[in-house]
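*Asks:* Sending over upload-v9.tsv (TSV, C-alpha atoms).
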chain	number	residue	atom	x	y	z
F	1	MET	CA	38.98	-4.76	8.74
F	2	THR	CA	35.88	-2.59	9.13
F	3	LEU	CA	33.58	-1.53	6.30
F	4	LYS	CA	34.72	2.08	6.79
F	5	THR	CA	38.39	1.07	6.40
F	6	LEU	CA	37.57	-0.94	3.27
F	7	LEU	CA	35.82	2.04	1.71
F	8	LYS	CA	38.78	4.33	2.47
F	9	ALA	CA	41.22	1.83	0.94
F	10	ALA	CA	39.07	1.40	-2.17
F	11	ALA	CA	38.83	5.19	-2.62
F	12	ALA	CA	42.61	5.60	-2.28
F	13	LEU	CA	43.21	2.87	-4.86
F	14	ALA	CA	40.78	4.53	-7.24
F	15	ILE	CA	42.62	7.86	-6.96
F	16	LEU	CA	45.98	6.22	-7.67
F	17	THR	CA	44.68	4.31	-10.71
F	18	GLY	CA	42.39	7.01	-12.03
F	19	ALA	CA	39.37	4.69	-11.77
F	20	ALA	CA	35.93	5.73	-10.61
F	21	THR	CA	35.46	5.49	-6.87
F	22	PRO	CA	33.69	2.20	-6.11
F	23	THR	CA	30.89	1.89	-3.62
F	24	LEU	CA	30.32	-1.07	-1.34
F	25	ALA	CA	26.70	-1.77	-0.40
F	26	ALA	CA	25.97	-1.72	3.30
F	27	PRO	CA	24.50	-4.91	4.74
F	28	LYS	CA	20.78	-5.10	4.00
F	29	ALA	CA	18.69	-4.36	7.07
F	30	ALA	CA	16.29	-7.10	8.13
F	31	VAL	CA	12.60	-6.34	7.74
F	32	VAL	CA	11.65	-8.84	10.44
F	33	SER	CA	13.44	-9.44	13.72
F	34	ALA	CA	13.64	-13.25	13.60
F	35	PRO	CA	16.87	-14.77	12.24
F	36	VAL	CA	16.60	-16.89	9.12
F	37	SER	CA	17.85	-19.91	11.05
F	38	ALA	CA	14.97	-19.65	13.53
F	39	ILE	CA	12.38	-19.26	10.75
F	40	ASP	CA	13.76	-22.30	8.95
F	41	ALA	CA	13.81	-24.31	12.15
F	42	ALA	CA	10.16	-23.42	12.86
F	43	GLY	CA	9.13	-24.39	9.35
F	44	ARG	CA	10.95	-27.70	9.50
F	45	LYS	CA	9.48	-28.47	12.91
F	46	VAL	CA	5.91	-27.83	11.78
F	47	ALA	CA	6.41	-29.69	8.49
F	48	GLY	CA	7.98	-32.61	10.30
F	49	TRP	CA	5.06	-32.96	12.70
F	50	GLN	CA	2.54	-32.87	9.88
F	51	LEU	CA	4.40	-35.36	7.70
F	52	SER	CA	4.59	-37.76	10.63
F	53	HIS	CA	0.78	-37.61	10.94
F	54	MET	CA	-0.20	-38.14	7.32
F	55	ASP	CA	-1.29	-41.71	8.01
F	56	ASN	CA	-3.30	-40.87	11.11
F	57	PHE	CA	-5.80	-38.03	11.24
F	58	ASP	CA	-7.13	-38.68	14.73
F	59	TYR	CA	-6.42	-35.06	15.59
F	60	VAL	CA	-9.37	-34.14	13.35
F	61	PRO	CA	-12.75	-34.99	14.94
F	62	VAL	CA	-14.98	-37.16	12.76
F	63	SER	CA	-17.56	-34.37	12.84
F	64	GLN	CA	-15.04	-31.91	11.42
F	65	PHE	CA	-14.61	-33.26	7.89
F	66	ARG	CA	-12.08	-35.96	8.70
F	67	LYS	CA	-12.93	-37.79	5.47
F	68	ASP	CA	-12.16	-34.63	3.52
F	69	THR	CA	-8.84	-34.36	5.36
F	70	GLU	CA	-7.96	-37.92	4.46
F	71	ALA	CA	-8.71	-37.39	0.74
F	72	PRO	CA	-5.24	-37.21	-0.89
F	73	ARG	CA	-6.36	-35.31	-3.98
F	74	ASP	CA	-8.70	-32.76	-2.40
F	75	TRP	CA	-8.06	-29.14	-1.42
F	76	ILE	CA	-7.11	-29.76	2.22
F	77	GLN	CA	-4.07	-31.86	1.40
F	78	ALA	CA	-3.38	-29.76	-1.71
F	79	ALA	CA	-3.00	-26.60	0.39
F	80	PHE	CA	-0.53	-28.41	2.63
F	81	TYR	CA	1.58	-29.71	-0.25
F	82	ILE	CA	1.58	-26.28	-1.94
F	83	GLY	CA	3.09	-24.84	1.23
F	84	LEU	CA	5.45	-27.81	1.56
F	85	TYR	CA	6.94	-27.59	-1.93
F	86	THR	CA	7.30	-23.82	-1.61
F	87	PHE	CA	9.20	-24.21	1.67
F	88	ALA	CA	11.23	-27.11	0.25
F	89	ASP	CA	12.37	-24.88	-2.62
F	90	ALA	CA	13.13	-21.98	-0.28
F	91	THR	CA	15.29	-24.09	2.02
F	92	GLN	CA	16.58	-26.56	-0.57
F	93	ASP	CA	15.56	-29.39	1.75
F	94	PRO	CA	15.72	-32.70	-0.19
F	95	TYR	CA	13.65	-34.56	2.41
F	96	LEU	CA	10.70	-32.22	1.95
F	97	THR	CA	11.09	-32.28	-1.83
F	98	THR	CA	11.04	-36.07	-1.81
F	99	ALA	CA	7.93	-36.10	0.38
F	100	VAL	CA	6.01	-34.04	-2.19
F	101	LEU	CA	7.21	-36.14	-5.13
F	102	ARG	CA	6.32	-39.38	-3.39
F	103	HIS	CA	2.84	-38.05	-2.72
F	104	GLY	CA	2.37	-37.25	-6.41
F	105	GLU	CA	3.70	-40.63	-7.50
F	106	ALA	CA	1.30	-42.37	-5.12
F	107	GLU	CA	-1.60	-40.44	-6.64
F	108	GLY	CA	-0.50	-40.86	-10.24
F	109	TRP	CA	-0.61	-37.08	-10.69
F	110	GLY	CA	-4.38	-37.44	-10.83
F	111	PHE	CA	-7.55	-35.78	-9.55
F	112	ASP	CA	-10.67	-36.78	-7.69
F	113	HIS	CA	-14.12	-37.57	-9.10
F	114	ARG	CA	-15.17	-33.94	-9.66
F	115	PRO	CA	-14.27	-32.90	-13.21
F	116	ARG	CA	-15.08	-29.21	-12.63
F	117	HIS	CA	-14.46	-27.94	-9.16
F	118	ALA	CA	-11.82	-25.49	-7.89
F	119	ASP	CA	-11.19	-27.58	-4.77
F	120	ALA	CA	-10.28	-30.51	-7.00
F	121	ASP	CA	-8.15	-28.30	-9.26
F	122	ALA	CA	-5.96	-27.20	-6.35
F	123	THR	CA	-3.71	-30.24	-6.31
F	124	GLY	CA	-2.88	-29.52	-9.96
F	125	ALA	CA	-0.44	-26.84	-8.80
F	126	VAL	CA	1.50	-29.54	-6.94
F	127	TRP	CA	1.66	-31.70	-10.05
F	128	VAL	CA	2.81	-28.76	-12.18
F	129	TRP	CA	5.57	-28.02	-9.68
F	130	ALA	CA	6.63	-31.68	-9.71
F	131	ALA	CA	6.76	-31.79	-13.51
F	132	ALA	CA	8.93	-28.68	-13.60
F	133	ARG	CA	11.11	-29.87	-10.69
F	134	THR	CA	11.82	-33.25	-12.30
F	135	LYS	CA	11.79	-31.95	-15.89
F	136	ASP	CA	9.22	-34.62	-16.69
F	137	PRO	CA	6.31	-33.26	-18.78
F	138	SER	CA	4.56	-36.64	-18.69
F	139	LYS	CA	3.38	-35.70	-15.20
F	140	LEU	CA	1.25	-33.00	-16.84
F	141	ALA	CA	-0.88	-35.41	-18.88
F	142	PRO	CA	-3.72	-35.72	-16.31
F	143	ILE	CA	-3.99	-31.99	-15.62
F	144	ARG	CA	-3.87	-31.07	-19.29
F	145	ALA	CA	-6.63	-33.56	-20.07
F	146	ARG	CA	-8.70	-32.19	-17.20
F	147	PHE	CA	-8.30	-28.54	-18.11
F	148	ASP	CA	-8.64	-29.19	-21.85
F	149	ALA	CA	-12.10	-30.64	-21.20
F	150	VAL	CA	-13.10	-27.37	-19.50
F	151	LEU	CA	-11.69	-25.30	-22.36
F	152	ALA	CA	-13.65	-27.38	-24.86
F	153	ASP	CA	-16.93	-26.63	-23.10
F	154	PRO	CA	-16.58	-23.70	-20.66
F	155	SER	CA	-19.43	-23.14	-18.23
F	156	THR	CA	-21.49	-19.97	-18.15
F	157	VAL	CA	-23.67	-20.75	-15.12
F	158	SER	CA	-24.55	-18.00	-12.66
F	159	LEU	CA	-22.13	-17.32	-9.81
F	160	ASP	CA	-25.03	-17.18	-7.36
F	161	PHE	CA	-24.14	-19.60	-4.56
F	162	SER	CA	-27.71	-20.03	-3.36
F	163	LEU	CA	-28.82	-21.86	-6.52
F	164	LYS	CA	-28.42	-25.55	-5.77
F	165	PRO	CA	-30.17	-28.88	-6.28
F	166	ALA	CA	-32.04	-30.65	-3.50
F	167	LYS	CA	-28.91	-32.68	-2.87
F	168	GLY	CA	-25.38	-31.84	-3.86
F	169	GLU	CA	-23.22	-28.82	-4.33
F	170	PRO	CA	-24.32	-25.41	-5.69
F	171	TYR	CA	-24.44	-25.28	-9.47
F	172	CYS	CA	-22.02	-22.35	-9.48
F	173	GLN	CA	-19.18	-24.46	-8.12
F	174	VAL	CA	-18.38	-25.66	-11.61
F	175	ARG	CA	-16.95	-22.13	-11.79
F	176	TRP	CA	-15.11	-20.04	-9.15
F	177	CYS	CA	-17.99	-18.62	-7.15
F	178	TRP	CA	-16.46	-18.50	-3.67
F	179	SER	CA	-13.38	-16.67	-2.36
F	180	ASP	CA	-11.46	-19.84	-1.48
F	181	ALA	CA	-11.49	-20.76	-5.17
F	182	ILE	CA	-9.12	-17.89	-5.95
F	183	PHE	CA	-6.39	-19.80	-4.14
F	184	MET	CA	-7.41	-23.23	-5.40
F	185	ALA	CA	-7.88	-22.88	-9.16
F	186	PRO	CA	-6.41	-19.85	-11.02
F	187	PRO	CA	-2.84	-20.38	-9.71
F	188	ALA	CA	-2.91	-23.96	-11.04
F	189	TRP	CA	-4.16	-22.78	-14.43
F	190	THR	CA	-1.61	-19.96	-14.54
F	191	SER	CA	1.32	-22.18	-13.57
F	192	LEU	CA	0.32	-24.79	-16.16
F	193	SER	CA	0.32	-22.09	-18.82
F	194	LYS	CA	3.79	-21.03	-17.75
F	195	VAL	CA	5.39	-24.49	-17.85
F	196	SER	CA	3.54	-25.72	-20.93
F	197	GLY	CA	3.64	-22.54	-22.96
F	198	ASP	CA	-0.04	-22.96	-23.78
F	199	GLN	CA	-1.66	-19.54	-23.42
F	200	ARG	CA	-5.19	-20.94	-23.49
F	201	TYR	CA	-4.91	-21.92	-19.83
F	202	LEU	CA	-3.89	-18.42	-18.82
F	203	ALA	CA	-6.63	-16.84	-20.92
F	204	HIS	CA	-9.25	-18.98	-19.18
F	205	ALA	CA	-7.84	-18.26	-15.72
F	206	ASP	CA	-7.75	-14.53	-16.39
F	207	SER	CA	-11.32	-14.42	-17.68
F	208	GLU	CA	-12.77	-16.50	-14.84
F	209	PHE	CA	-10.80	-14.69	-12.15
F	210	TRP	CA	-12.21	-11.32	-13.14
F	211	ALA	CA	-15.73	-12.73	-13.29
F	212	THR	CA	-15.29	-13.91	-9.68
F	213	HIS	CA	-13.65	-10.66	-8.64
F	214	ASP	CA	-16.40	-8.50	-10.08
F	215	TYR	CA	-19.02	-10.60	-8.31
F	216	LEU	CA	-17.50	-10.93	-4.83
F	217	TYR	CA	-15.11	-8.00	-4.31
F	218	ASP	CA	-16.43	-5.14	-2.22
F	219	LYS	CA	-15.01	-2.09	-3.97
F	220	ALA	CA	-15.47	0.10	-0.90
F	221	GLU	CA	-13.92	-2.27	1.66
F	222	HIS	CA	-11.36	-3.85	-0.70
F	223	LEU	CA	-12.18	-7.30	0.67
F	224	TYR	CA	-13.92	-10.37	-0.73
F	225	TYR	CA	-17.23	-11.80	0.42
F	226	ARG	CA	-16.93	-15.53	0.89
F	227	ASP	CA	-19.76	-16.10	-1.61
F	228	SER	CA	-22.96	-14.44	-2.79
F	229	ARG	CA	-24.87	-15.37	0.38
F	230	PHE	CA	-22.75	-12.92	2.39
F	231	ILE	CA	-23.16	-9.84	0.18
F	232	THR	CA	-26.23	-8.64	2.05
F	233	ARG	CA	-25.68	-10.53	5.32
F	234	ARG	CA	-24.60	-8.54	8.39
F	235	SER	CA	-23.18	-9.44	11.79
F	236	ASP	CA	-25.10	-8.94	15.04
F	237	ALA	CA	-23.36	-5.59	15.31
F	238	GLY	CA	-24.54	-4.59	11.84
F	239	ALA	CA	-21.13	-4.97	10.16
F	240	LYS	CA	-20.43	-6.55	6.79
F	241	ILE	CA	-19.11	-10.08	7.15
F	242	PHE	CA	-15.67	-10.65	5.63
F	243	TRP	CA	-14.29	-14.04	6.65
F	244	GLY	CA	-10.65	-13.88	7.73
F	245	ARG	CA	-9.47	-17.09	6.09
F	246	GLY	CA	-11.71	-16.49	3.07
F	247	ASN	CA	-9.80	-13.27	2.39
F	248	GLY	CA	-6.56	-15.05	3.28
F	249	TRP	CA	-7.28	-17.56	0.52
F	250	ALA	CA	-7.91	-14.74	-1.93
F	251	PHE	CA	-4.90	-12.61	-0.95
F	252	ALA	CA	-2.50	-15.56	-1.06
F	253	GLY	CA	-4.11	-16.66	-4.32
F	254	LEU	CA	-3.37	-13.26	-5.85
F	255	ALA	CA	0.29	-13.58	-4.87
F	256	ARG	CA	0.46	-17.03	-6.43
F	257	ILE	CA	-1.15	-15.81	-9.65
F	258	LEU	CA	1.27	-12.88	-9.86
F	259	GLN	CA	4.17	-15.25	-9.22
F	260	ASP	CA	3.61	-16.93	-12.60
F	261	LEU	CA	1.85	-14.19	-14.56
F	262	PRO	CA	4.03	-12.79	-17.37
F	263	ALA	CA	5.42	-9.34	-16.59
F	264	ASN	CA	3.90	-7.95	-19.80
F	265	HIS	CA	0.46	-9.49	-19.43
F	266	PRO	CA	-2.26	-6.89	-20.08
F	267	SER	CA	-4.09	-7.73	-16.85
F	268	ARG	CA	-1.03	-7.57	-14.61
F	269	PRO	CA	-1.56	-3.92	-13.56
F	270	LYS	CA	-5.12	-4.81	-12.52
F	271	TYR	CA	-3.98	-7.77	-10.40
F	272	GLU	CA	-1.29	-5.64	-8.78
F	273	ALA	CA	-3.78	-2.88	-8.03
F	274	VAL	CA	-6.16	-5.29	-6.27
F	275	PHE	CA	-3.25	-6.85	-4.38
F	276	LYS	CA	-2.11	-3.44	-3.13
F	277	GLN	CA	-5.66	-2.43	-2.21
F	278	MET	CA	-6.12	-5.58	-0.17
F	279	ALA	CA	-2.76	-5.17	1.55
F	280	ALA	CA	-3.60	-1.63	2.60
F	281	ARG	CA	-6.96	-2.78	3.99
F	282	ILE	CA	-5.69	-5.94	5.67
F	283	ALA	CA	-2.74	-4.44	7.54
F	284	PRO	CA	-4.69	-2.22	9.99
F	285	LEU	CA	-7.11	-5.07	10.78
F	286	GLN	CA	-4.35	-7.08	12.50
F	287	GLY	CA	-5.07	-7.69	16.18
F	288	GLU	CA	-2.85	-6.72	19.10
F	289	GLN	CA	-1.47	-10.26	19.39
F	290	GLY	CA	-0.49	-10.31	15.72
F	291	TYR	CA	-3.35	-12.51	14.50
F	292	TRP	CA	-6.18	-11.43	12.24
F	293	PRO	CA	-9.78	-11.84	13.44
F	294	VAL	CA	-11.90	-14.68	12.08
F	295	SER	CA	-14.35	-11.95	11.01
F	296	LEU	CA	-12.21	-9.11	9.77
F	297	LEU	CA	-14.42	-6.16	10.73
F	298	GLU	CA	-15.09	-7.47	14.24
F	299	PRO	CA	-12.76	-7.49	17.26
F	300	GLN	CA	-10.30	-10.34	17.56
F	301	LYS	CA	-11.57	-12.82	20.14
F	302	THR	CA	-9.03	-15.64	19.79
F	303	PRO	CA	-5.87	-16.35	17.82
F	304	GLU	CA	-6.39	-17.85	14.35
F	305	THR	CA	-3.42	-19.11	12.36
F	306	SER	CA	-4.72	-20.14	8.94
F	307	GLY	CA	-5.93	-16.69	7.84
F	308	THR	CA	-2.95	-15.11	9.60
F	309	GLY	CA	-0.55	-17.42	7.77
F	310	PHE	CA	-1.97	-16.50	4.39
F	311	PHE	CA	-1.90	-12.77	5.18
F	312	VAL	CA	1.70	-12.90	6.39
F	313	TYR	CA	2.67	-14.86	3.29
F	314	GLY	CA	0.99	-12.41	0.94
F	315	LEU	CA	2.40	-9.31	2.63
F	316	ALA	CA	5.93	-10.75	2.76
F	317	TRP	CA	5.65	-11.85	-0.87
F	318	GLY	CA	4.61	-8.32	-1.80
F	319	VAL	CA	7.62	-6.79	-0.04
F	320	ASN	CA	9.99	-9.35	-1.56
F	321	HIS	CA	8.70	-8.63	-5.06
F	322	GLY	CA	8.74	-4.85	-4.78
F	323	LEU	CA	4.98	-4.32	-4.73
F	324	LEU	CA	4.76	-3.29	-1.08
F	325	PRO	CA	7.14	-1.03	0.90
F	326	GLY	CA	9.03	-2.85	3.62
F	327	ALA	CA	9.05	0.20	5.88
F	328	LYS	CA	5.25	0.20	6.00
F	329	TYR	CA	4.48	-3.51	6.03
F	330	GLY	CA	7.57	-4.88	7.77
F	331	PRO	CA	6.22	-4.30	11.31
F	332	VAL	CA	2.93	-6.01	10.37
F	333	ILE	CA	4.77	-9.02	8.91
F	334	ASP	CA	7.09	-9.20	11.92
F	335	LYS	CA	4.19	-9.11	14.36
F	336	GLY	CA	2.29	-11.69	12.36
F	337	TRP	CA	5.24	-14.07	12.15
F	338	LYS	CA	5.79	-13.86	15.90
F	339	ALA	CA	2.13	-14.74	16.40
F	340	LEU	CA	2.41	-17.75	14.11
F	341	ASP	CA	5.59	-18.91	15.82
F	342	ALA	CA	3.90	-18.62	19.23
F	343	ALA	CA	1.16	-21.01	18.07
F	344	ILE	CA	3.58	-23.92	17.57
F	345	GLU	CA	3.37	-26.60	20.26
F	346	PRO	CA	6.63	-28.11	21.58
F	347	ASP	CA	6.18	-31.19	19.38
F	348	GLY	CA	5.68	-29.10	16.21
F	349	ARG	CA	1.90	-29.17	16.04
F	350	LEU	CA	0.41	-25.86	14.84
F	351	GLY	CA	-2.56	-24.76	16.93
F	352	TRP	CA	-5.40	-22.25	16.65
F	353	VAL	CA	-6.40	-23.26	13.10
F	354	GLN	CA	-10.08	-22.66	12.41
F	355	ARG	CA	-11.71	-25.88	11.28
F	356	VAL	CA	-13.17	-26.49	7.84
F	357	GLY	CA	-15.95	-24.01	7.24
F	358	ALA	CA	-17.35	-21.27	5.06
F	359	ALA	CA	-17.62	-18.39	7.52
F	360	PRO	CA	-16.12	-16.96	10.72
F	361	ASP	CA	-16.35	-19.55	13.50
F	362	GLN	CA	-14.96	-20.48	16.90
F	363	VAL	CA	-11.38	-21.72	17.19
F	364	GLY	CA	-9.43	-23.36	20.01
F	365	PRO	CA	-5.77	-23.90	20.90
F	366	ASP	CA	-5.89	-27.61	19.96
F	367	ASP	CA	-7.52	-27.06	16.57
F	368	THR	CA	-5.20	-27.83	13.68
F	369	GLN	CA	-5.51	-28.67	10.01
F	370	LEU	CA	-3.35	-29.33	6.97
F	371	TYR	CA	-4.24	-26.08	5.21
F	372	GLY	CA	-3.14	-24.15	8.32
F	373	VAL	CA	0.24	-25.83	8.08
F	374	GLY	CA	0.35	-25.04	4.36
F	375	ALA	CA	-0.31	-21.37	5.12
F	376	PHE	CA	2.40	-21.41	7.80
F	377	LEU	CA	4.96	-22.89	5.39
F	378	LEU	CA	4.08	-20.38	2.68
F	379	ALA	CA	4.60	-17.60	5.23
F	380	ALA	CA	7.93	-19.06	6.39
F	381	SER	CA	9.10	-19.30	2.77
F	382	GLU	CA	8.71	-15.56	2.24
F	383	VAL	CA	9.43	-14.24	5.75
F	384	ARG	CA	12.83	-15.98	5.78
F	385	LYS	CA	13.89	-13.68	2.92
F	386	LEU	CA	13.20	-10.70	5.17
F	387	GLY	CA	14.85	-12.07	8.32
F	388	GLN	CA	18.14	-11.33	9.96
F	389	VAL	CA	21.17	-13.22	8.73
F	390	SER	CA	22.16	-15.53	11.57
F	391	SER	CA	25.75	-16.20	12.53
F	392	SER	CA	24.92	-19.91	12.53
F	393	PRO	CA	22.44	-20.56	9.73
F	394	SER	CA	20.21	-23.60	9.91
F	395	GLN	CA	21.75	-26.67	8.37
F	396	GLY	CA	20.57	-30.15	7.59
F	397	GLN	CA	17.22	-31.61	6.75
F	398	THR	CA	13.87	-32.02	8.37
F	399	LYS	CA	13.85	-34.65	11.10
F	400	ARG	CA	12.17	-37.89	10.06
Can I see the file as structure tokens?
*Replies:*
Amino acid sequence: MTLKTLLKAAAALAILTGAATPTLAAPKAAVVSAPVSAIDAAGRKVAGWQLSHMDNFDYVPVSQFRKDTEAPRDWIQAAFYIGLYTFADATQDPYLTTAVLRHGEAEGWGFDHRPRHADADATGAVWVWAAARTKDPSKLAPIRARFDAVLADPSTVSLDFSLKPAKGEPYCQVRWCWSDAIFMAPPAWTSLSKVSGDQRYLAHADSEFWATHDYLYDKAEHLYYRDSRFITRRSDAGAKIFWGRGNGWAFAGLARILQDLPANHPSRPKYEAVFKQMAARIAPLQGEQGYWPVSLLEPQKTPETSGTGFFVYGLAWGVNHGLLPGAKYGPVIDKGWKALDAAIEPDGRLGWVQRVGAAPDQVGPDDTQLYGVGAFLLAASEVRKLGQVSSSPSQGQTKR
């Protein structure tokens, strides 16, 4: 029986019974052209390849921060597991869920040697998810102790990135003085506040976020400088330098903050306003192939999947949560997802991921990294909600 016939029958029944004429909603049109089954299959394929290479990082050259990649509590692996648990929840895949929980158990829900650093905070979001997923608040003990120490003695150092000792990291990195930090730290603080009910964590995150925003956000371009060193720096063509992945970190970080921020929080309208400003600026910077340039105000020279993954995730999240209109951003998301999907090798390896860095750089087809996979899985988790309903939805679990 067709939808039209059903509507006619329902109307006739309503007339006979004196009831109000019911309406049947038409099937929701897909915002992106890919079927949900294909999106899920791509996500599982990429996740499966990465999980099978967690004990061997030979694909990362020694000169390209392999030791950082191997560090199980640092930001590189944290970004991957954030994407993995998000995709696991979206697809209800028990294999992926178990992989994240086993990782946390192996690490004792702990952190690395840096007591105050956003990169080290990042894995805290994974531990918060695990505590909520297993209904086990004991998993929160390490993160609460870590963040409580910051609350007891908050730093007020300058956010100037150029101030640094002869050896070691810039002084400002005890706070959130670079755009990447927006993804790494405030979402962990915000999610901890949500699951624990302790508003002190959210108050700190809110205060520090706006300090970073006011320092690094270009109010004319609606993009973030990577850090203070780039505020006055210009490209060879005389353009401002806005790193693609650096803004991807920030845009995805905003979505993750909004995900857990209370609906009635006083700062919520401000976060939403920045998110919408960034979306409107980011969308027209997409290249013809669907990728975003490594330097956003310069022409796209090669594909790049980590920044693209974060942008697609953020835009799709915005549409799914009613902050962005699907009619306007749907074509951008669709084009971006197709670009990401095209970067998957037959074995599931994701290519064209710019290596660890702090600025626009070269990227090749064989370059891959855990945070690129994390961005891809975040994107898949949101894009699948906008995809076509397939006649044969994906079933089963990720291949071991």
*Asks:* Pick the closest to Glu298 (chain F) from F:Gly108, F:Pro262, F:Gly336, F:Gly244: which is it, counting all atoms listed in the file?
*Replies:*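 With all atoms listed in the file as the atom set, the closest residue is F:Gly244.
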*Asks:* For region 182-189 of chain F, work out the shell of residues within 6 Å, counting only C-alpha atoms and skipping chain neighbours fewer than 4 positions away, then give it as a ChimeraX atom specification.
*Replies:* /F:118-119,121-122,124-125,201,205,249-250,253,256-257
*Asks:* Name the residues in contact with Thr308 (chain F) at a cut-off of 7 Å, using only C-alpha atoms, excluding same-chain residues fewer than 3 positions from it; report them as a PDB file with C-alpha atoms, keeping the file's coordinate frame.
*Replies:*
ATOM      1  CA  TYR F 291      -3.350 -12.510  14.500  1.00  0.00           C
ATOM      2  CA  TRP F 292      -6.180 -11.430  12.240  1.00  0.00           C
ATOM      3  CA  GLU F 304      -6.390 -17.850  14.350  1.00  0.00           C
ATOM      4  CA  THR F 305      -3.420 -19.110  12.360  1.00  0.00           C
ATOM      5  CA  PHE F 311      -1.900 -12.770   5.180  1.00  0.00           C
ATOM      6  CA  VAL F 312       1.700 -12.900   6.390  1.00  0.00           C
ATOM      7  CA  GLY F 336       2.290 -11.690  12.360  1.00  0.00           C
TER       8      GLY F 336
END
*Asks:* Closest to Ala42 (chain F) among F:Pro293, F:Gly387, F:Gly348, F:Gly374, using all atoms listed in the file?
*Replies:* F:Gly348
*Asks:* Find the residues around Trp243 (chain F) up to 10 Å (all atoms listed in the file counted), leave out those fewer than 3 positions away in its own chain, and share them as a list of chain:residue names.
*Replies:* F:Ser179, F:Leu223, F:Tyr224, F:Tyr225, F:Arg226, F:Phe230, F:Lys240, F:Gly246, F:Asn247, F:Gly248, F:Trp249, F:Pro293, F:Val294, F:Ser295, F:Leu296, F:Leu297, F:Gly307, F:Ala358, F:Ala359, F:Pro360, F:Asp361
*Asks:* So what do you get for CA of Leu202 (chain F) versus CA of Thr86 (chain F), distance-wise?
*Replies:*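 Separation of CA of Leu202 (chain F) and CA of Thr86 (chain F): 21.2 Å.
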*Asks:* Select, from F:Val332, F:Val36, F:Ala141, F:Leu254, the residue with the minimum atom-to-atom distance to Ala280 (chain F), counting only C-alpha atoms.
*Replies:*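 Closest to Ala280 (chain F) of all the choices is F:Val332.
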*Asks:* Please write out, as AutoDock Vina command-line options, where the centre of an axis-aligned box around all listed atoms of region 115-134 of chain F lies and how long its edges are, in Å to one decimal, after adding 5 Å on each side.
*Replies:*
--center_x -1.6 --center_y -29.4 --center_z -9.2 --size_x 36.9 --size_y 17.8 --size_z 18.8
*Asks:* Residues of region 189-221 of chain F within 9 Å of region 155-177 of chain F: nearest atom pair and distance (Å, one decimal) for each, counting all atoms listed in the file, sorted by chain and number, as a Markdown table?
*Replies:*
| residue | atom | partner | partner_atom | distance |
| --- | --- | --- | --- | --- |
| F:Glu208 | CA | F:Trp176 | CA | 7.1 |
| F:Phe209 | CA | F:Trp176 | CA | 7.5 |
| F:Ala211 | CA | F:Trp176 | CA | 8.4 |
| F:Thr212 | CA | F:Cys177 | CA | 6.0 |
| F:Tyr215 | CA | F:Leu159 | CA | 7.6 |
| F:Leu216 | CA | F:Cys177 | CA | 8.0 |
*Asks:* Give the answer as one residue: which of F:Val126, F:Ala237, F:Val356, F:Ala252 has the shortest atom-to-atom distance to Leu192 (chain F), using all atoms listed in the file?
*Replies:*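 The closest residue to Leu192 (chain F) is F:Val126.
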*Asks:* Would you mind telling me which residue in F:Tyr85, F:Gly330, F:Asp260, F:Lys270 lies nearest to Trp210 (chain F) when using all atoms listed in the file?
*Replies:*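 The answer is F:Lys270, which sits nearest to Trp210 (chain F).
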*Asks:* Take region 241-247 of chain F, bring it up to N, CA, C and O atoms, and give me the output as a PDB file, in the coordinates of the input.
*Replies:*
ATOM      1  N   ILE F 241     -19.823  -8.880   6.712  1.00  0.00           N
ATOM      2  CA  ILE F 241     -19.110 -10.080   7.150  1.00  0.00           C
ATOM      3  C   ILE F 241     -18.054 -10.449   6.107  1.00  0.00           C
ATOM      4  O   ILE F 241     -18.384 -10.885   5.003  1.00  0.00           O
ATOM      5  N   PHE F 242     -16.796 -10.257   6.476  1.00  0.00           N
ATOM      6  CA  PHE F 242     -15.670 -10.650   5.630  1.00  0.00           C
ATOM      7  C   PHE F 242     -14.859 -11.681   6.403  1.00  0.00           C
ATOM      8  O   PHE F 242     -14.155 -11.356   7.370  1.00  0.00           O
ATOM      9  N   TRP F 243     -14.957 -12.929   5.976  1.00  0.00           N
ATOM     10  CA  TRP F 243     -14.290 -14.040   6.650  1.00  0.00           C
ATOM     11  C   TRP F 243     -12.775 -13.873   6.552  1.00  0.00           C
ATOM     12  O   TRP F 243     -12.226 -13.625   5.484  1.00  0.00           O
ATOM     13  N   GLY F 244     -12.099 -14.032   7.705  1.00  0.00           N
ATOM     14  CA  GLY F 244     -10.650 -13.880   7.730  1.00  0.00           C
ATOM     15  C   GLY F 244      -9.951 -14.824   6.779  1.00  0.00           C
ATOM     16  O   GLY F 244      -9.202 -14.394   5.898  1.00  0.00           O
ATOM     17  N   ARG F 245     -10.184 -16.150   6.956  1.00  0.00           N
ATOM     18  CA  ARG F 245      -9.470 -17.090   6.090  1.00  0.00           C
ATOM     19  C   ARG F 245      -9.946 -16.973   4.645  1.00  0.00           C
ATOM     20  O   ARG F 245      -9.159 -17.168   3.712  1.00  0.00           O
ATOM     21  N   GLY F 246     -11.222 -16.655   4.433  1.00  0.00           N
ATOM     22  CA  GLY F 246     -11.710 -16.490   3.070  1.00  0.00           C
ATOM     23  C   GLY F 246     -10.930 -15.415   2.328  1.00  0.00           C
ATOM     24  O   GLY F 246     -10.588 -15.576   1.144  1.00  0.00           O
ATOM     25  N   ASN F 247     -10.620 -14.315   3.007  1.00  0.00           N
ATOM     26  CA  ASN F 247      -9.800 -13.270   2.390  1.00  0.00           C
ATOM     27  C   ASN F 247      -8.331 -13.668   2.365  1.00  0.00           C
ATOM     28  O   ASN F 247      -7.585 -13.243   1.477  1.00  0.00           O
TER      29      ASN F 247
END
